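Quick look at model00.tsv (TSV, C-alpha atoms):
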chain	number	residue	atom	x	y	z
V	1	MET	CA	0.00	0.00	0.00
V	2	PRO	CA	1.47	3.40	-0.94
V	3	PHE	CA	2.07	6.22	1.47
V	4	LEU	CA	0.86	9.79	1.50
V	5	LEU	CA	3.31	12.61	2.21
V	6	ARG	CA	2.65	15.97	3.79
V	7	LYS	CA	5.28	18.68	4.28
V	8	ILE	CA	5.49	19.72	7.94
V	9	ARG	CA	7.72	21.29	10.56
V	10	LYS	CA	8.78	18.38	12.72
V	11	ASN	CA	9.21	20.34	15.90
V	12	ARG	CA	5.52	21.23	16.00
V	13	TRP	CA	4.82	17.50	16.36
V	14	TYR	CA	7.05	16.82	19.36
V	15	THR	CA	5.20	15.09	22.17
V	16	GLU	CA	8.15	14.53	24.50
V	17	ASP	CA	9.70	17.39	26.43
V	18	VAL	CA	6.44	19.35	26.38
V	19	SER	CA	5.55	19.35	30.07
V	20	TRP	CA	1.90	20.44	29.80
V	21	LEU	CA	0.94	17.86	27.16
V	22	ASN	CA	-0.95	14.78	28.33
V	23	SER	CA	0.03	11.36	27.06
V	24	GLY	CA	-1.23	10.71	23.55
V	25	GLU	CA	-1.93	14.38	22.87
V	26	LEU	CA	-0.39	16.59	20.19
V	27	GLN	CA	0.55	20.26	20.34
V	28	ALA	CA	-2.21	22.30	18.69
V	29	ASP	CA	0.48	24.10	16.68
V	30	CYS	CA	0.88	20.99	14.53
V	31	LEU	CA	-2.40	21.97	12.86
V	32	SER	CA	-0.38	24.79	11.24
V	33	ASP	CA	0.99	22.01	9.06
V	34	MET	CA	-2.52	20.84	8.15
V	35	VAL	CA	-3.93	24.02	6.69
V	36	THR	CA	-6.80	23.27	4.34
V	37	LYS	CA	-8.09	25.30	1.42
V	38	HIS	CA	-11.71	24.83	0.35
V	39	ASN	CA	-11.73	21.96	2.89
V	40	LYS	CA	-9.03	20.14	0.91
V	41	LEU	CA	-5.62	19.01	2.11
V	42	SER	CA	-2.81	18.62	-0.38
V	43	VAL	CA	-0.64	15.46	-0.20
V	44	TYR	CA	1.60	13.45	-2.53
V	45	ARG	CA	1.51	9.71	-3.15
V	46	ILE	CA	4.76	7.92	-2.34
V	47	THR	CA	5.43	4.41	-3.62
V	48	ASP	CA	5.73	1.41	-1.30
V	49	ASP	CA	9.51	1.41	-1.70
V	50	LYS	CA	9.67	5.21	-1.26
V	51	SER	CA	11.69	5.48	-4.46
V	52	ASN	CA	10.00	8.75	-5.45
V	53	LEU	CA	10.22	10.40	-2.04
V	54	LYS	CA	13.36	12.45	-2.71
V	55	ARG	CA	11.99	13.63	-6.02
V	56	VAL	CA	8.82	14.88	-4.34
V	57	ALA	CA	10.89	16.57	-1.63
V	58	ALA	CA	13.04	18.39	-4.19
V	59	ALA	CA	10.01	19.51	-6.19
V	60	LEU	CA	8.33	20.88	-3.07
V	61	VAL	CA	11.48	22.74	-1.94
V	62	ALA	CA	11.65	24.24	-5.43
V	63	THR	CA	8.26	25.85	-4.78
V	64	CYS	CA	9.83	27.89	-1.96
V	65	THR	CA	11.97	31.04	-2.08
V	66	ASN	CA	15.00	29.50	-0.37
V	67	ILE	CA	16.58	26.07	-0.21
V	68	SER	CA	16.03	24.54	3.20
V	69	ASN	CA	15.66	21.27	5.03
V	70	PHE	CA	12.55	19.26	4.19
V	71	ASP	CA	10.45	17.86	7.05
V	72	TYR	CA	7.60	15.54	6.26
V	73	PHE	CA	5.29	12.90	7.60
V	74	LEU	CA	4.28	9.78	5.78
V	75	PHE	CA	1.25	7.68	6.53
V	76	ASN	CA	-0.24	4.65	4.91
V	77	GLU	CA	-2.92	5.53	2.35
V	78	GLU	CA	-5.27	2.97	3.83
V	79	LEU	CA	-5.59	5.16	6.94
V	80	LEU	CA	-7.91	7.34	4.86
V	81	GLN	CA	-10.49	4.57	4.81
V	82	THR	CA	-10.21	4.11	8.55
V	83	ILE	CA	-10.84	7.82	9.14
V	84	GLY	CA	-13.39	8.11	6.36
V	85	ILE	CA	-11.58	10.72	4.29
V	86	LYS	CA	-12.16	10.85	0.53
V	87	SER	CA	-9.43	11.67	-1.96
V	88	GLU	CA	-9.17	12.97	-5.53
V	89	GLU	CA	-6.22	12.75	-7.88
V	90	THR	CA	-5.52	16.30	-9.03
V	91	LYS	CA	-2.52	17.93	-10.71
V	92	GLY	CA	0.09	19.36	-8.36
V	93	ASP	CA	1.72	22.75	-8.74
V	94	THR	CA	5.46	22.08	-8.78
V	95	SER	CA	8.15	22.42	-11.44
V	96	ASP	CA	8.35	18.61	-11.85
V	97	GLU	CA	5.58	17.21	-14.06
V	98	SER	CA	5.88	13.66	-12.69
V	99	VAL	CA	5.58	14.91	-9.14
V	100	ASN	CA	2.49	16.87	-10.18
V	101	SER	CA	0.91	13.61	-11.35
V	102	TRP	CA	1.41	12.11	-7.88
V	103	HIS	CA	-0.59	14.85	-6.22
V	104	ILE	CA	-3.76	14.03	-4.33
V	105	ASP	CA	-6.30	16.24	-2.62
V	106	LEU	CA	-7.95	14.90	0.51
V	107	VAL	CA	-11.44	16.35	0.19
V	108	GLU	CA	-14.55	17.15	2.23
V	109	ILE	CA	-12.50	17.47	5.38
V	110	SER	CA	-14.32	18.48	8.55
V	111	VAL	CA	-12.54	19.80	11.65
V	112	ALA	CA	-13.10	16.44	13.37
V	113	LYS	CA	-11.63	14.53	10.42
V	114	LEU	CA	-8.64	16.87	10.25
V	115	VAL	CA	-7.84	16.39	13.93
V	116	ASN	CA	-8.40	12.65	13.60
V	117	LEU	CA	-6.00	12.57	10.64
V	118	ALA	CA	-3.35	14.49	12.61
V	119	ASN	CA	-3.71	12.13	15.58
V	120	THR	CA	-3.79	8.95	13.50
V	121	ALA	CA	-0.93	9.99	11.24
V	122	SER	CA	1.14	10.93	14.26
V	123	LYS	CA	0.43	7.59	15.93
V	124	TYR	CA	0.87	5.28	12.94
V	125	GLY	CA	2.85	7.37	10.48
V	126	GLU	CA	6.49	8.37	10.42
V	127	ARG	CA	8.13	11.76	10.56
V	128	ASP	CA	11.51	12.41	9.06
V	129	ARG	CA	13.82	15.13	7.78
V	130	ILE	CA	16.09	15.64	4.79
V	131	LEU	CA	18.80	18.17	5.63
V	132	GLU	CA	19.45	21.20	3.45
V	133	LYS	CA	22.80	19.85	2.27
V	134	ASP	CA	21.14	16.70	0.93
V	135	ILE	CA	18.25	18.67	-0.56
V	136	LYS	CA	20.80	20.64	-2.60
V	137	LYS	CA	22.21	17.41	-4.01
V	138	ILE	CA	18.75	16.10	-4.86
V	139	LEU	CA	17.81	19.39	-6.52
V	140	ALA	CA	21.04	19.29	-8.53
V	141	GLU	CA	20.14	15.79	-9.67
V	142	GLY	CA	16.68	17.04	-10.66
V	143	PHE	CA	18.25	19.86	-12.70
V	144	ARG	CA	20.78	17.50	-14.28
V	145	ASN	CA	18.17	14.92	-15.30
V	146	GLY	CA	15.69	17.54	-16.43
V	147	TYR	CA	13.05	16.44	-13.92
V	148	ILE	CA	12.76	19.95	-12.60
V	149	ASN	CA	11.98	22.73	-15.04
V	150	ARG	CA	14.37	25.41	-13.81
V	151	GLU	CA	12.47	28.07	-15.72
V	152	ILE	CA	9.48	27.80	-13.43
V	153	VAL	CA	11.03	27.07	-10.04
V	154	LYS	CA	10.07	29.63	-7.43
V	155	LEU	CA	13.50	29.70	-5.79
V	156	LYS	CA	15.29	33.04	-5.81
V	157	SER	CA	17.89	33.41	-8.55
V	158	GLU	CA	20.81	33.25	-6.10
V	159	GLU	CA	19.44	29.99	-4.74
V	160	VAL	CA	19.17	28.56	-8.27
V	161	GLU	CA	22.79	29.57	-8.84
V	162	LYS	CA	23.85	27.54	-5.80
V	163	ILE	CA	22.25	24.46	-7.35
V	164	GLU	CA	23.64	25.11	-10.80
V	165	LYS	CA	27.16	25.07	-9.33
V	166	LEU	CA	26.52	21.49	-8.21
V	167	VAL	CA	25.09	20.28	-11.51
C	1	MET	CA	20.49	45.68	-3.62
C	2	ILE	CA	22.58	45.96	-0.44
C	3	HIS	CA	22.23	49.70	-0.68
C	4	ASN	CA	18.44	49.35	-0.78
C	5	MET	CA	18.52	46.98	2.18
C	6	HIS	CA	20.50	49.52	4.17
C	7	LYS	CA	17.99	52.17	3.22
C	8	ASN	CA	15.21	49.89	4.42
C	9	CYS	CA	17.01	49.36	7.70
C	10	THR	CA	17.27	53.09	8.21
C	11	ALA	CA	13.59	53.44	7.49
C	12	MET	CA	12.80	50.67	9.97
C	13	THR	CA	14.85	52.41	12.64
C	14	SER	CA	12.92	55.61	12.11
C	15	LEU	CA	9.60	53.79	12.17
C	16	SER	CA	10.45	51.94	15.33
C	17	LYS	CA	11.21	55.23	17.09
C	18	LEU	CA	7.74	56.44	16.24
C	19	ASP	CA	5.64	53.34	16.53
C	20	PHE	CA	7.11	51.09	19.17
C	21	ARG	CA	7.77	51.59	22.82
C	22	VAL	CA	9.00	48.67	24.87
C	23	ASN	CA	10.01	48.44	28.48
C	24	GLU	CA	13.49	49.86	28.54
C	25	THR	CA	14.57	47.61	31.37
C	26	TRP	CA	14.02	44.38	29.48
C	27	LEU	CA	17.59	44.03	28.29
C	28	PRO	CA	20.50	44.39	30.70
C	29	THR	CA	23.43	46.19	29.11
C	30	THR	CA	25.78	43.35	29.93
C	31	GLU	CA	23.36	40.58	29.05
C	32	CYS	CA	25.86	38.34	27.34
C	33	GLU	CA	28.10	38.43	30.37
C	34	LEU	CA	25.11	37.41	32.53
C	35	ILE	CA	24.32	34.56	30.17
C	36	LYS	CA	27.81	33.22	30.50
C	37	ASN	CA	27.44	33.23	34.29
C	38	GLN	CA	24.18	31.29	34.32
C	39	SER	CA	23.85	27.71	35.52
C	40	PRO	CA	26.01	25.25	33.57
C	41	SER	CA	25.12	25.09	29.91
C	42	ILE	CA	26.46	23.15	26.98
C	43	TYR	CA	28.34	26.29	26.04
C	44	GLN	CA	30.07	26.51	29.42
C	45	GLN	CA	30.83	22.81	29.62
C	46	VAL	CA	32.44	22.69	26.20
C	47	SER	CA	34.08	26.11	26.32
C	48	SER	CA	35.83	25.22	29.56
C	49	LYS	CA	37.86	22.89	27.39
C	50	THR	CA	38.05	25.10	24.33
C	51	ARG	CA	38.52	28.80	23.58
C	52	ASP	CA	35.80	31.36	24.26
C	53	ILE	CA	35.08	32.25	20.66
C	54	ARG	CA	32.78	35.06	21.60
C	55	VAL	CA	35.34	36.93	23.65
C	56	GLU	CA	37.81	36.49	20.83
C	57	HIS	CA	35.20	37.71	18.39
C	58	LYS	CA	34.58	40.87	20.40
C	59	LYS	CA	38.29	41.57	20.70
C	60	ALA	CA	38.69	41.17	16.98
C	61	LEU	CA	35.74	43.25	15.85
C	62	ARG	CA	35.24	45.88	18.50
C	63	PRO	CA	38.48	47.62	19.39
C	64	GLU	CA	38.44	49.57	22.64
C	65	GLY	CA	37.84	53.31	22.49
C	66	VAL	CA	36.20	53.46	19.10
C	67	GLU	CA	32.91	54.70	20.53
C	68	SER	CA	32.19	56.50	23.75
C	69	SER	CA	30.15	54.35	26.15
C	70	THR	CA	27.25	56.87	26.24
C	71	ILE	CA	26.85	56.97	22.47
C	72	LYS	CA	27.08	53.21	22.31
C	73	GLN	CA	24.41	52.72	25.00
C	74	ASP	CA	21.92	55.03	23.23
C	75	TYR	CA	22.61	53.35	19.94
C	76	SER	CA	22.17	49.88	21.47
C	77	LYS	CA	18.94	50.88	23.18
C	78	GLU	CA	17.38	52.01	19.92
C	79	LEU	CA	18.55	48.90	18.16
C	80	SER	CA	17.28	46.72	21.03
C	81	GLU	CA	13.82	48.26	20.73
C	82	GLU	CA	13.81	47.76	17.00
C	83	ILE	CA	14.85	44.13	17.13
C	84	TYR	CA	12.58	43.27	20.04
C	85	SER	CA	9.65	44.88	18.22
C	86	LEU	CA	10.44	42.87	15.11
C	87	PHE	CA	10.34	39.64	17.10
C	88	LYS	CA	7.13	40.56	18.94
C	89	ALA	CA	5.43	41.67	15.72
C	90	SER	CA	6.01	38.19	14.30
C	91	ASP	CA	4.34	36.39	17.22
C	92	GLU	CA	1.28	35.40	15.21
C	93	GLN	CA	3.07	34.50	11.99
C	94	ASN	CA	2.86	30.98	10.60
C	95	PHE	CA	6.34	30.19	9.28
C	96	GLU	CA	7.09	27.61	6.62
C	97	ASP	CA	10.48	26.06	5.87
C	98	GLY	CA	12.21	27.73	2.94
C	99	MET	CA	9.82	30.66	2.72
C	100	GLU	CA	11.12	34.17	3.15
C	101	THR	CA	8.95	36.43	5.31
C	102	GLU	CA	9.03	40.06	6.33
C	103	PHE	CA	10.58	38.81	9.58
C	104	SER	CA	13.43	36.97	7.88
C	105	LYS	CA	14.09	39.79	5.43
C	106	LYS	CA	14.28	42.41	8.18
C	107	LEU	CA	16.33	40.13	10.42
C	108	ILE	CA	18.92	39.60	7.68
C	109	CYS	CA	18.93	43.29	6.90
C	110	LEU	CA	19.57	44.22	10.54
C	111	ILE	CA	22.36	41.67	10.93
C	112	LYS	CA	24.07	42.86	7.77
C	113	GLU	CA	23.75	46.45	8.93
C	114	TYR	CA	24.71	46.08	12.60
C	115	ALA	CA	26.56	42.71	12.69
C	116	ASP	CA	27.59	41.75	16.24
C	117	GLU	CA	25.54	44.55	17.85
C	118	ALA	CA	22.40	42.99	16.42
C	119	ILE	CA	23.43	39.43	17.28
C	120	GLU	CA	24.13	40.45	20.87
C	121	ILE	CA	20.56	41.72	21.21
C	122	ILE	CA	19.12	38.67	19.46
C	123	THR	CA	21.14	36.52	21.87
C	124	GLY	CA	19.35	38.10	24.83
C	125	ILE	CA	15.95	37.58	23.24
C	126	ILE	CA	16.55	33.93	22.40
C	127	ILE	CA	18.56	32.74	25.39
C	128	TYR	CA	16.23	34.39	27.90
C	129	GLU	CA	13.27	33.09	25.86
C	130	ARG	CA	11.58	36.48	25.68
C	131	VAL	CA	9.63	35.54	22.55
C	132	ASN	CA	7.65	32.47	21.62
C	133	ALA	CA	9.55	29.40	20.50
C	134	GLU	CA	8.27	29.55	16.93
C	135	VAL	CA	9.82	32.98	16.31
C	136	ALA	CA	13.04	32.07	18.11
C	137	THR	CA	13.32	28.92	16.01
C	138	GLU	CA	12.75	30.86	12.82
C	139	ALA	CA	15.47	33.34	13.77
C	140	LEU	CA	17.97	30.57	14.49
C	141	ARG	CA	17.28	28.89	11.15
C	142	TRP	CA	18.02	32.13	9.30
C	143	LEU	CA	21.07	32.88	11.45
C	144	GLY	CA	22.62	29.79	9.94
C	145	ASN	CA	21.61	30.76	6.44
C	146	ILE	CA	22.93	34.32	6.20
C	147	ASP	CA	25.88	34.96	3.94
C	148	HIS	CA	27.66	37.51	6.13
C	149	ALA	CA	31.26	36.90	7.17
C	150	PRO	CA	31.62	39.68	9.80
C	151	SER	CA	28.94	38.13	12.03
C	152	TYR	CA	29.85	34.52	11.32
C	153	ARG	CA	31.62	33.60	14.57
C	154	PHE	CA	29.05	35.28	16.78
C	155	ARG	CA	26.22	33.54	14.90
C	156	LEU	CA	27.99	30.23	15.30
C	157	TRP	CA	28.39	30.89	19.02
C	158	LEU	CA	24.69	31.74	19.43
C	159	LEU	CA	23.59	28.61	17.59
C	160	GLU	CA	25.85	26.45	19.74
C	161	ARG	CA	24.64	28.19	22.89
C	162	SER	CA	20.99	27.72	21.86
C	163	LEU	CA	21.43	23.96	22.07
C	164	SER	CA	21.00	24.54	25.83
C	165	CYS	CA	17.65	26.35	25.60
C	166	SER	CA	14.86	24.86	27.68
C	167	LYS	CA	12.40	24.42	24.78
C	168	ALA	CA	12.88	21.54	22.37
C	169	ARG	CA	11.59	23.61	19.46
C	170	ILE	CA	14.31	26.21	19.98
C	171	ARG	CA	16.97	23.50	20.19
C	172	ASP	CA	15.66	22.18	16.88
C	173	GLY	CA	16.06	25.63	15.32
C	174	ALA	CA	19.63	25.64	16.60
C	175	ILE	CA	20.52	22.35	14.93
C	176	LEU	CA	19.01	23.50	11.64
C	177	GLY	CA	21.05	26.68	11.80
C	178	LEU	CA	24.19	24.68	12.57
C	179	SER	CA	23.41	22.32	9.70
C	180	SER	CA	23.24	25.31	7.34
C	181	LEU	CA	26.51	26.75	8.64
C	182	ASN	CA	28.08	23.32	8.16
C	183	ASP	CA	30.99	24.11	10.51
C	184	PRO	CA	32.70	21.19	12.30
C	185	HIS	CA	33.40	23.55	15.22
C	186	ALA	CA	29.91	22.66	16.47
C	187	ILE	CA	30.68	18.94	16.78
C	188	SER	CA	31.69	18.98	20.45
C	189	TYR	CA	28.62	21.07	21.36
C	190	LEU	CA	26.33	18.76	19.44
C	191	LYS	CA	27.78	15.68	21.10
C	192	LEU	CA	27.10	17.10	24.52
C	193	ALA	CA	23.61	18.20	23.49
C	194	ILE	CA	22.87	14.66	22.26
C	195	GLU	CA	23.96	13.22	25.61
C	196	GLN	CA	21.60	15.56	27.45
C	197	GLU	CA	18.65	15.49	25.02
C	198	LYS	CA	15.49	13.94	26.48
C	199	CYS	CA	13.30	14.23	23.37
C	200	THR	CA	13.96	11.07	21.36
C	201	GLU	CA	12.91	12.54	18.03
C	202	LEU	CA	15.09	15.64	18.49
C	203	ARG	CA	18.04	13.52	19.59
C	204	LYS	CA	17.77	11.58	16.33
C	205	ASP	CA	17.73	14.85	14.38
C	206	MET	CA	20.79	16.06	16.30
C	207	GLU	CA	22.59	12.84	15.39
C	208	GLN	CA	21.74	13.46	11.73
C	209	VAL	CA	23.37	16.91	11.87
C	210	LEU	CA	26.35	15.51	13.80
C	211	ALA	CA	26.86	12.90	11.06
C	212	GLN	CA	26.80	15.69	8.46
C	213	LEU	CA	29.44	17.71	10.30
C	214	GLU	CA	31.63	14.70	11.03
C	215	SER	CA	31.59	13.78	7.36
C	216	ILE	CA	33.41	17.03	6.51
C	217	SER	CA	35.87	17.17	9.40
Exercise: express the given structure as C-alpha cells:
Amino acid sequence: MPFLLRKIRKNRWYTEDVSWLNSGELQADCLSDMVTKHNKLSVYRITDDKSNLKRVAAALVATCTNISNFDYFLFNEELLQTIGIKSEETKGDTSDESVNSWHIDLVEISVAKLVNLANTASKYGERDRILEKDIKKILAEGFRNGYINREIVKLKSEEVEKIEKLV
Amino acid sequence: MIHNMHKNCTAMTSLSKLDFRVNETWLPTTECELIKNQSPSIYQQVSSKTRDIRVEHKKALRPEGVESSTIKQDYSKELSEEIYSLFKASDEQNFEDGMETEFSKKLICLIKEYADEAIEIITGIIIYERVNAEVATEALRWLGNIDHAPSYRFRLWLLERSLSCSKARIRDGAILGLSSLNDPHAISYLKLAIEQEKCTELRKDMEQVLAQLESIS
C-alpha cells in the first residue's frame, strides 16, 4: 500500500519534552501544518519502496523562495479509509511534471476529520527530515536529469545559482 | 540591492522610534556576560575545554575606544527596541520552511547592517526566551543561512549556545542553523547536546546533523 506525504515542521509535532501535554496528545500548533483550502488538504503519493520520495521533496522545496531542510510525515494511504476521508487525484503545482501527477487532494475534510487525521498519522505514520545539504544534491540531480523545469522554479535566482554550481 | 537593504534598515529604525515603545529595562546592558554566568550550559561545559570564541570575536571586531560608552548605549537601546519589536510583531506569523517572510528579510537586513551589535541583542531575546519558541526557532534557522562573514563567529556561538535552551523547538532551530553553517566547530557542542537530550525525536535529528558535520571534518 502506498504512502501519503505531507510537508510539515517536525518540531511542531514533538510530544516529549512538552511538560503540559498529556500522554497521547499533540501540540495544537501541529495543525499549522494541516492548513486546508476549500476543505481540501494537499498530499503526494509515495510508492511502497519510497523510491519517489526524494523527487517529491526536491520539487516541493523548489516551490519555496529558499533552499532549506525538508520535514515531512508519511502515513499509509489505507488510513484514509479508517478515518473516512475521501481523496481525488488532481494535478500538483510544482516544477516537476511527474511529481504533479502524484498529487492528491484529501477532500470534504471536517474539523473532526482533520484532527483525527493528525492524531492517527502521528500515531501510525512516520516523521523524518532531509537536511538542506542533501536537498541541494537532490535538486542538482533534478536539474541534471531535467526532472525539474528550472524556468518555473520559485527559488530566488541566487538559490538557483547555488544548485547550478553542483550540476 | 545591499544599498536598498540599508535604506530599508534606516527606514525601519525611524519607524520603530515612532511606533514602538518597549520596556526599557528588558535588556541588561551586559546581558551576554550574565548569560555566560548562568547555571552550567552546553556552552560553558564545552568552552571550559576550548577557547571562548565570543570573547575572541569581540576583541577582533570591536576595538576599545572606538565609541564613547554613552553613544554606544543610546545606539544599542534604539537597536534593542527595533529588534525586540520585530520579534514581537512576528508572534502570530505561521512560518514555513524555505519561505522568506518580512521577519526573515528584516532580520537579515539588521544583521548585515549592525553585525555583532544585532546578534548580541538577538542573543538576549533567544537565550532568555523572551519571545515564543516559533519565532526564536525561525530566527535561528536564518542565522545559519545568512551569507555575512563579519557576524559569522558570533552567529555560530549563538547557535551552539541555543542547544541549551529549555524548549525543544528552539533547540531544533539551533541544529538546523548549525546544519546550514556546516561548521565542524559545532561537533563537540552537538555531542554534549545529544547526551543531554530527552526528546527522542530531536536527539535523532541532532545525530543526523552531527553525522553531516563529522563527514566534513
Q | Distance criterion (only C-alpha atoms): nearest to C:Leu210 out of V:Lys154, V:Leu131, V:Asn66, V:His103 | A |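 Among V:Lys154, V:Leu131, V:Asn66, V:His103, it is V:Leu131 that comes nearest to C:Leu210.
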Enumerate as a JSON list (two decimals) with C-alpha atoms, in the frame of the given file the residues belonging to chain V that approach chain C to within 9 Å, with only C-alpha atoms taken into account.
[["chain", "number", "residue", "atom", "x", "y", "z"],
["V", 8, "ILE", "CA", 5.49, 19.72, 7.94],
["V", 9, "ARG", "CA", 7.72, 21.29, 10.56],
["V", 10, "LYS", "CA", 8.78, 18.38, 12.72],
["V", 11, "ASN", "CA", 9.21, 20.34, 15.90],
["V", 12, "ARG", "CA", 5.52, 21.23, 16.00],
["V", 14, "TYR", "CA", 7.05, 16.82, 19.36],
["V", 15, "THR", "CA", 5.20, 15.09, 22.17],
["V", 16, "GLU", "CA", 8.15, 14.53, 24.50],
["V", 17, "ASP", "CA", 9.70, 17.39, 26.43],
["V", 18, "VAL", "CA", 6.44, 19.35, 26.38],
["V", 32, "SER", "CA", -0.38, 24.79, 11.24],
["V", 33, "ASP", "CA", 0.99, 22.01, 9.06],
["V", 61, "VAL", "CA", 11.48, 22.74, -1.94],
["V", 63, "THR", "CA", 8.26, 25.85, -4.78],
["V", 64, "CYS", "CA", 9.83, 27.89, -1.96],
["V", 65, "THR", "CA", 11.97, 31.04, -2.08],
["V", 66, "ASN", "CA", 15.00, 29.50, -0.37],
["V", 67, "ILE", "CA", 16.58, 26.07, -0.21],
["V", 68, "SER", "CA", 16.03, 24.54, 3.20],
["V", 69, "ASN", "CA", 15.66, 21.27, 5.03],
["V", 70, "PHE", "CA", 12.55, 19.26, 4.19],
["V", 71, "ASP", "CA", 10.45, 17.86, 7.05],
["V", 127, "ARG", "CA", 8.13, 11.76, 10.56],
["V", 128, "ASP", "CA", 11.51, 12.41, 9.06],
["V", 129, "ARG", "CA", 13.82, 15.13, 7.78],
["V", 131, "LEU", "CA", 18.80, 18.17, 5.63],
["V", 132, "GLU", "CA", 19.45, 21.20, 3.45],
["V", 133, "LYS", "CA", 22.80, 19.85, 2.27]]
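When all atoms listed in the file are used to compute distances to V:Leu80, the closest of the residues V:Asn145, V:Ser110, V:Asn116, V:Ser157 turns out to be V:Asn116.
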Box for stretch 140-148 of chain V: with edges along x, y and z, all listed atoms inside and 3 Å added on each side, what are the centre and edge lengths in Å to one decimal, as lines of an AutoDock Vina configuration file?
center_x = 16.9
center_y = 17.4
center_z = -12.5
size_x = 14.3
size_y = 11.0
size_z = 13.9
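The gap separating atom CA of V:Val56 from atom CA of C:Met206 is 23.9 Å, in Å to one decimal.
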**Q.** Spatial neighbours of V:Asp96, max dist 7 Å, all atoms listed in the file, sep filter under 4 positions, as a PyMOL selection string
**A.** chain V and resi 59+100+147-149
Q. Got a sec: who's within 9 Å of C:Ser162, counting all atoms listed in the file, leaving out chain neighbours fewer than 3 positions off, as a VMD selection string?
A. chain C and resid 42 to 43 123 126 to 127 140 157 to 159 165 to 166 170 to 171 173 to 175
Q) Hey, can you check how far atom CA of C:Asp183 sits from atom CA of C:Tyr152? A)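 Pair atom CA of C:Asp183 / atom CA of C:Tyr152 returns 10.5 Å.
For the pair atom CA of V:Gly92 and atom CA of V:Pro2, the interatomic distance is 17.7 Å.
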